[in-house]
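Visitor: You'll find structure_16.pdb just under this line, and it carries PDB, C-alpha atoms.
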ATOM      1  CA  MET L 223     335.720  91.104 183.320
ATOM      2  CA  LEU L 224     338.113  88.912 185.278
ATOM      3  CA  PHE L 225     335.968  85.822 184.684
ATOM      4  CA  VAL L 226     335.626  86.530 180.967
ATOM      5  CA  LYS L 227     339.365  87.094 180.626
ATOM      6  CA  TYR L 228     340.131  83.885 182.560
ATOM      7  CA  PRO L 229     337.347  81.445 181.660
ATOM      8  CA  GLU L 230     338.893  78.627 183.701
ATOM      9  CA  LEU L 231     338.170  80.662 186.849
ATOM     10  CA  LEU L 232     334.575  81.120 185.722
ATOM     11  CA  LYS L 233     334.326  77.406 184.993
ATOM     12  CA  GLU L 234     335.518  76.619 188.552
ATOM     13  CA  LEU L 235     333.041  79.110 190.026
ATOM     14  CA  VAL L 236     330.112  77.754 187.996
ATOM     15  CA  ALA L 237     330.955  74.161 188.948
ATOM     16  CA  GLU L 238     330.827  75.131 192.628
ATOM     17  CA  LEU L 239     327.606  77.138 192.229
ATOM     18  CA  LEU L 240     325.897  74.268 190.397
ATOM     19  CA  GLY L 241     327.290  71.685 192.827
ATOM     20  CA  ILE L 242     328.916  69.592 190.099
ATOM     21  CA  PRO L 243     332.492  68.333 189.748
ATOM     22  CA  MET L 244     334.570  70.576 187.517
ATOM     23  CA  ASP L 245     335.800  67.609 185.478
ATOM     24  CA  SER L 246     332.168  66.785 184.628
ATOM     25  CA  ILE L 247     332.018  69.981 182.541
ATOM     26  CA  LYS L 248     332.860  68.763 179.038
ATOM     27  CA  THR L 249     331.692  71.836 177.103
ATOM     28  CA  PHE L 250     331.848  75.400 178.395
ATOM     29  CA  THR L 251     331.225  78.450 176.244
ATOM     30  CA  ILE L 252     330.811  82.072 177.264
ATOM     31  CA  LYS L 253     328.133  83.482 174.953
ATOM     32  CA  ASN L 254     328.784  87.170 175.712
ATOM     33  CA  PRO L 255     332.561  87.575 176.081
ATOM     34  CA  GLU L 256     332.553  91.323 175.319
ATOM     35  CA  MET L 257     331.711  92.977 178.631
ATOM     36  CA  LEU L 258     331.956  96.717 178.961
ATOM     37  CA  PRO L 259     333.401  98.017 182.255
ATOM     38  CA  GLU L 260     331.088  99.762 184.724
ATOM     39  CA  ASN L 261     331.752 103.306 185.948
ATOM     40  CA  LEU L 262     333.192 103.465 189.463
ATOM     41  CA  GLY L 263     330.559 105.982 190.583
ATOM     42  CA  ASP L 264     327.559 103.876 189.633
ATOM     43  CA  LYS L 265     324.958 103.177 192.326
ATOM     44  CA  PHE L 266     324.957  99.454 191.664
ATOM     45  CA  CYS L 267     327.095  96.880 189.937
ATOM     46  CA  ARG L 268     325.738  94.128 187.738
ATOM     47  CA  LEU L 269     327.475  91.097 186.272
ATOM     48  CA  ASP L 270     325.643  89.209 183.588
ATOM     49  CA  ILE L 271     327.475  86.304 181.980
ATOM     50  CA  ASN L 272     325.629  83.951 179.663
ATOM     51  CA  MET L 273     327.163  80.519 179.172
ATOM     52  CA  THR L 274     326.517  77.100 177.772
ATOM     53  CA  VAL L 275     327.603  74.388 180.212
ATOM     54  CA  ASN L 276     327.264  70.815 178.962
ATOM     55  CA  GLY L 277     324.383  71.845 176.700
ATOM     56  CA  GLN L 278     322.599  73.801 179.459
ATOM     57  CA  GLN L 279     321.966  77.529 179.227
ATOM     58  CA  VAL L 280     323.386  79.193 182.347
ATOM     59  CA  ASP L 281     323.036  82.876 183.180
ATOM     60  CA  LEU L 282     325.077  84.242 186.083
ATOM     61  CA  GLU L 283     323.759  87.436 187.663
ATOM     62  CA  VAL L 284     325.383  89.446 190.427
ATOM     63  CA  GLN L 285     323.108  92.051 191.980
ATOM     64  CA  VAL L 286     324.353  94.413 194.673
ATOM     65  CA  SER L 287     321.257  96.478 195.429
ATOM     66  CA  ASN L 288     317.677  95.359 195.894
ATOM     67  CA  GLU L 289     315.673  97.371 193.387
ATOM     68  CA  GLY L 290     312.508  95.385 194.102
ATOM     69  CA  ASP L 291     310.740  92.665 192.125
ATOM     70  CA  TYR L 292     313.933  90.622 191.838
ATOM     71  CA  PRO L 293     312.187  87.203 191.531
ATOM     72  CA  GLU L 294     310.087  88.531 188.624
ATOM     73  CA  ARG L 295     313.187  90.005 187.018
ATOM     74  CA  VAL L 296     314.979  86.644 187.263
ATOM     75  CA  MET L 297     311.980  84.812 185.789
ATOM     76  CA  TYR L 298     311.978  87.297 182.914
ATOM     77  CA  TYR L 299     315.694  86.600 182.297
ATOM     78  CA  TRP L 300     314.933  82.881 182.350
ATOM     79  CA  ALA L 301     312.030  83.253 179.886
ATOM     80  CA  ARG L 302     314.203  85.310 177.535
ATOM     81  CA  GLU L 303     316.983  82.697 177.567
ATOM     82  CA  PHE L 304     314.655  79.703 177.318
ATOM     83  CA  SER L 305     312.472  81.058 174.512
ATOM     84  CA  SER L 306     315.420  82.198 172.404
ATOM     85  CA  ALA L 307     316.993  78.725 172.436
ATOM     86  CA  LEU L 308     314.449  77.061 170.123
ATOM     87  CA  LEU L 309     315.218  77.339 166.443
ATOM     88  CA  THR L 310     312.617  77.098 163.677
ATOM     89  CA  GLY L 311     311.763  73.473 163.018
ATOM     90  CA  GLN L 312     313.059  72.155 166.334
ATOM     91  CA  GLY L 313     310.806  70.201 168.668
ATOM     92  CA  TYR L 314     310.069  71.432 172.160
ATOM     93  CA  SER L 315     311.953  68.462 173.613
ATOM     94  CA  GLU L 316     315.134  70.028 172.202
ATOM     95  CA  LEU L 317     314.852  73.071 174.455
ATOM     96  CA  PRO L 318     317.880  73.099 176.758
ATOM     97  CA  ARG L 319     317.801  73.125 180.526
ATOM     98  CA  THR L 320     318.047  76.815 181.432
ATOM     99  CA  ILE L 321     319.385  77.894 184.807
ATOM    100  CA  ILE L 322     319.682  81.354 186.308
ATOM    101  CA  ILE L 323     322.253  81.757 189.091
ATOM    102  CA  SER L 324     321.859  84.893 191.196
ATOM    103  CA  ILE L 325     324.500  86.054 193.636
ATOM    104  CA  ILE L 326     322.760  88.818 195.554
ATOM    105  CA  ASP L 327     323.999  91.171 198.249
ATOM    106  CA  PHE L 328     320.627  91.463 199.985
ATOM    107  CA  VAL L 329     318.180  89.178 201.774
ATOM    108  CA  GLN L 330     315.455  87.942 199.443
ATOM    109  CA  PHE L 331     313.913  85.015 201.330
ATOM    110  CA  ASP L 332     312.708  84.632 204.902
ATOM    111  CA  CYS L 333     314.980  81.732 205.861
ATOM    112  CA  VAL L 334     318.428  81.225 207.371
ATOM    113  CA  GLU L 335     319.910  79.321 204.414
ATOM    114  CA  TYR L 336     322.122  81.347 202.084
ATOM    115  CA  HIS L 337     321.342  79.096 199.080
ATOM    116  CA  SER L 338     317.860  78.518 197.656
ATOM    117  CA  PHE L 339     317.019  76.506 194.545
ATOM    118  CA  PHE L 340     313.650  76.674 192.772
ATOM    119  CA  GLN L 341     312.071  74.461 190.114
ATOM    120  CA  PRO L 342     308.428  74.156 188.973
ATOM    121  CA  LEU L 343     306.680  71.650 191.239
ATOM    122  CA  GLU L 344     303.046  70.608 191.562
ATOM    123  CA  ALA L 345     301.849  72.366 194.722
ATOM    124  CA  ALA L 346     300.319  69.429 196.663
ATOM    125  CA  ARG L 347     302.341  66.414 195.463
ATOM    126  CA  HIS L 348     305.639  68.254 194.793
ATOM    127  CA  THR L 349     305.943  66.465 191.445
ATOM    128  CA  LEU L 350     308.501  68.053 189.166
ATOM    129  CA  LEU L 351     306.876  69.510 186.039
ATOM    130  CA  SER L 352     310.152  69.843 184.139
ATOM    131  CA  ASP L 353     313.841  69.954 184.983
ATOM    132  CA  LYS L 354     314.421  72.535 182.243
ATOM    133  CA  MET L 355     313.839  75.436 184.653
ATOM    134  CA  GLY L 356     316.047  76.208 187.617
ATOM    135  CA  PHE L 357     316.802  79.234 189.768
ATOM    136  CA  HIS L 358     319.724  79.359 192.214
ATOM    137  CA  PHE L 359     319.867  82.253 194.675
ATOM    138  CA  PHE L 360     322.946  82.851 196.827
ATOM    139  CA  GLU L 361     322.235  85.521 199.468
ATOM    140  CA  LEU L 362     325.575  87.006 200.544
ATOM    141  CA  PRO L 363     324.350  88.605 203.832
ATOM    142  CA  LYS L 364     323.480  85.108 205.085
ATOM    143  CA  LEU L 365     326.965  83.640 204.609
ATOM    144  CA  PRO L 366     328.412  82.243 207.844
ATOM    145  CA  ASP L 367     331.232  84.111 209.550
ATOM    146  CA  ASP L 368     333.370  80.994 209.960
ATOM    147  CA  ILE L 369     334.424  79.918 206.482
ATOM    148  CA  THR L 370     336.976  77.134 206.281
ATOM    149  CA  GLN L 371     339.539  76.624 203.549
ATOM    150  CA  LYS L 372     337.821  73.319 202.703
ATOM    151  CA  ASP L 373     334.488  74.834 201.632
ATOM    152  CA  MET L 374     335.163  76.063 198.104
ATOM    153  CA  LEU L 375     331.605  77.297 197.541
ATOM    154  CA  LEU L 376     331.747  79.572 200.572
ATOM    155  CA  LEU L 377     335.245  80.753 199.629
ATOM    156  CA  TRP L 378     334.022  81.711 196.159
ATOM    157  CA  LEU L 379     330.936  83.466 197.539
ATOM    158  CA  SER L 380     332.966  85.362 200.124
ATOM    159  CA  LEU L 381     335.036  86.739 197.242
ATOM    160  CA  PHE L 382     331.937  88.668 196.180
TER     161      PHE L 382
END
Can you present the structure in this file as structure tokens?

Guide:
Amino acid sequence: MLFVKYPELLKELVAELLGIPMDSIKTFTIKNPEMLPENLGDKFCRLDINMTVNGQQVDLEVQVSNEGDYPERVMYYWAREFSSALLTGQGYSELPRTIIISIIDFVQFDCVEYHSFFQPLEAARHTLLSDKMGFHFFELPKLPDDITQKDMLLLWLSLF
């Protein structure tokens, strides 16, 4: 709710999560500004903000508990966003780049890095099939203990 109420904060967060300069964001629209508050007693908390950032579809997910099958869930979210972006009569080349950003409070991948980025690549040659699909995962339990004031990405993530 804070990010929807103050979209400039969300814009700063998204710029850091995508690794782009904030001043490079020329268009920024929150597509679902009406967010209902969660009950305090709920088992898990979920943030789902859909945005358009410079013509890209961006979906920000915050997941506190691991309910299983999270990669499949994220791919489903991506497919929903991507497939709904094409209007009747438009060519496939007009489909926007669609990115899902997941900030998760559990370990998903067997690696030490807290940030993982996935795109469709050919398995042997690692040739990119399309840049219109992207998945960012930020695993909060893997954040380093020593966060400096200079690392804005880590400062934002430690807020969660």

Visitor: Between L:Lys253, L:Lys354, L:Lys248, L:Lys227, which residue has the minimum interatomic distance to L:Ser315, considering all atoms listed in the file?

Guide: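 Under the stated criterion, the closest residue is L:Lys354.
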
Visitor: For the atom pair atom CA of L:Glu238 and atom CA of L:Phe359, what is the interatomic distance in Å to one decimal place?

Guide: 13.2 Å

Visitor: If you measure from atom CA of L:Asp327 to atom CA of L:Phe250, what distance in Å do you get, rounded to one decimal?

Guide: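 Atom CA of L:Asp327 sits 26.5 Å away from atom CA of L:Phe250.
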
Visitor: Measuring between all atoms listed in the file, which one of L:Gln330, L:Thr251, L:Gln341, L:Thr349 shows the shortest distance to L:Tyr292?

Guide: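 The closest residue to L:Tyr292 is L:Gln330.
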
Visitor: Between L:Val329, L:Leu375, L:Leu381, L:Ile271, which is the closest to L:Ala237 once you count all atoms listed in the file?

Guide: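 Smallest distance to L:Ala237 is found for L:Leu375.
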
Visitor: Using only C-alpha atoms, which residues sit within 9 Å of L:Ser338 once same-chain residues fewer than 3 positions away are excluded, as an MDAnalysis selection string?

Guide: chainID L and resid 331 335 357:361

Visitor: Compile the contact shell of L:Ile369 as a short mmCIF file (atom, residue, chain, number, x, y, z; two decimals) with C-alpha atoms, keeping the file's coordinate frame: residues with an atom at most 12 Å away, counting all atoms listed in the file, same-chain residues fewer than 3 positions apart removed.

Guide:
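Result went into selection21.cif, see below:
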data_model
loop_
_atom_site.label_atom_id
_atom_site.label_comp_id
_atom_site.auth_asym_id
_atom_site.auth_seq_id
_atom_site.Cartn_x
_atom_site.Cartn_y
_atom_site.Cartn_z
CA LEU L 365 326.96 83.64 204.61
CA PRO L 366 328.41 82.24 207.84
CA LYS L 372 337.82 73.32 202.70
CA ASP L 373 334.49 74.83 201.63
CA MET L 374 335.16 76.06 198.10
CA LEU L 375 331.60 77.30 197.54
CA LEU L 376 331.75 79.57 200.57
CA LEU L 377 335.24 80.75 199.63
CA TRP L 378 334.02 81.71 196.16
CA LEU L 379 330.94 83.47 197.54
CA SER L 380 332.97 85.36 200.12
CA LEU L 381 335.04 86.74 197.24
#

Visitor: What would stretch 274-380 of chain L look like if you wrote it out as a short mmCIF file (atom, residue, chain, number, x, y, z; two decimals), in the first residue's frame, with C-alpha atoms included, from the block I just posted?

Guide:
data_model
loop_
_atom_site.label_atom_id
_atom_site.label_comp_id
_atom_site.auth_asym_id
_atom_site.auth_seq_id
_atom_site.Cartn_x
_atom_site.Cartn_y
_atom_site.Cartn_z
CA THR L 274 4.30 -0.68 -17.11
CA VAL L 275 7.90 0.57 -17.10
CA ASN L 276 9.12 2.08 -20.36
CA GLY L 277 6.71 -0.11 -22.32
CA GLN L 278 7.67 -3.29 -20.42
CA GLN L 279 5.18 -5.23 -18.33
CA VAL L 280 6.60 -5.64 -14.82
CA ASP L 281 4.97 -7.66 -12.05
CA LEU L 282 6.41 -7.34 -8.54
CA GLU L 283 5.67 -10.24 -6.20
CA VAL L 284 6.60 -10.49 -2.54
CA GLN L 285 6.21 -13.97 -1.08
CA VAL L 286 6.86 -14.67 2.58
CA SER L 287 6.18 -18.40 2.83
CA ASN L 288 7.24 -21.19 0.52
CA GLU L 289 4.02 -22.94 -0.47
CA GLY L 290 5.81 -25.11 -3.03
CA ASP L 291 5.94 -24.94 -6.82
CA TYR L 292 6.98 -21.29 -6.75
CA PRO L 293 8.85 -21.35 -10.12
CA GLU L 294 5.74 -22.78 -11.83
CA ARG L 295 3.57 -20.18 -10.12
CA VAL L 296 5.84 -17.38 -11.37
CA MET L 297 5.82 -18.79 -14.91
CA TYR L 298 2.02 -18.88 -14.76
CA TYR L 299 1.97 -15.20 -13.69
CA TRP L 300 4.31 -14.40 -16.57
CA ALA L 301 2.15 -16.29 -19.10
CA ARG L 302 -0.97 -14.49 -17.86
CA GLU L 303 0.67 -11.06 -18.22
CA PHE L 304 2.33 -11.81 -21.56
CA SER L 305 -0.72 -13.36 -23.24
CA SER L 306 -3.08 -10.61 -22.10
CA ALA L 307 -0.90 -7.88 -23.65
CA LEU L 308 -1.69 -8.70 -27.30
CA LEU L 309 -4.75 -7.00 -28.69
CA THR L 310 -6.78 -8.29 -31.64
CA GLY L 311 -5.06 -7.39 -34.88
CA GLN L 312 -1.63 -6.78 -33.35
CA GLY L 313 1.41 -8.68 -34.57
CA TYR L 314 3.39 -10.90 -32.24
CA SER L 315 6.37 -8.55 -32.53
CA GLU L 316 4.29 -5.98 -30.62
CA LEU L 317 4.18 -8.13 -27.49
CA PRO L 318 5.97 -6.24 -24.72
CA ARG L 319 8.92 -7.50 -22.72
CA THR L 320 7.35 -9.03 -19.61
CA ILE L 321 9.33 -9.35 -16.40
CA ILE L 322 8.37 -10.93 -13.10
CA ILE L 323 10.31 -9.74 -10.05
CA SER L 324 10.02 -11.98 -6.99
CA ILE L 325 11.22 -10.91 -3.57
CA ILE L 326 11.02 -14.11 -1.55
CA ASP L 327 11.68 -14.81 2.12
CA PHE L 328 12.86 -18.38 1.54
CA VAL L 329 15.68 -20.15 -0.29
CA GLN L 330 14.61 -21.29 -3.74
CA PHE L 331 17.90 -22.05 -5.50
CA ASP L 332 20.95 -24.05 -4.46
CA CYS L 333 23.49 -21.24 -4.77
CA VAL L 334 25.00 -18.54 -2.57
CA GLU L 335 23.85 -15.58 -4.69
CA TYR L 336 20.77 -13.74 -3.45
CA HIS L 337 19.80 -12.59 -6.98
CA SER L 338 19.04 -14.93 -9.88
CA PHE L 339 17.84 -13.88 -13.33
CA PHE L 340 16.34 -16.31 -15.86
CA GLN L 341 15.62 -15.97 -19.58
CA PRO L 342 14.91 -18.64 -22.23
CA LEU L 343 18.24 -19.86 -23.60
CA GLU L 344 19.14 -22.69 -25.97
CA ALA L 345 20.53 -25.41 -23.69
CA ALA L 346 23.87 -26.17 -25.42
CA ARG L 347 24.80 -22.86 -27.09
CA HIS L 348 23.13 -20.53 -24.54
CA THR L 349 21.61 -18.51 -27.39
CA LEU L 350 18.84 -16.22 -26.24
CA LEU L 351 15.48 -17.23 -27.74
CA SER L 352 13.78 -13.93 -26.88
CA ASP L 353 14.38 -11.06 -24.49
CA LYS L 354 10.63 -10.72 -23.91
CA MET L 355 10.73 -13.12 -20.95
CA GLY L 356 12.58 -12.44 -17.73
CA PHE L 357 12.40 -13.66 -14.14
CA HIS L 358 14.24 -11.95 -11.28
CA PHE L 359 14.39 -13.74 -7.93
CA PHE L 360 15.71 -11.99 -4.82
CA GLU L 361 16.13 -14.48 -1.96
CA LEU L 362 16.06 -12.52 1.31
CA PRO L 363 17.65 -15.24 3.53
CA LYS L 364 20.80 -15.00 1.39
CA LEU L 365 21.34 -11.26 1.90
CA PRO L 366 24.74 -10.46 3.40
CA ASP L 367 24.93 -9.30 7.00
CA ASP L 368 27.18 -6.35 6.18
CA ILE L 369 25.12 -3.92 4.13
CA THR L 370 26.68 -0.56 3.42
CA GLN L 371 24.85 2.71 2.90
CA LYS L 372 26.23 2.80 -0.66
CA ASP L 373 24.45 -0.35 -1.88
CA MET L 374 20.92 0.85 -2.59
CA LEU L 375 19.71 -2.53 -3.85
CA LEU L 376 20.69 -4.26 -0.61
CA LEU L 377 19.22 -1.41 1.45
CA TRP L 378 15.90 -1.76 -0.37
CA LEU L 379 15.89 -5.55 0.00
CA SER L 380 16.75 -5.35 3.69
#
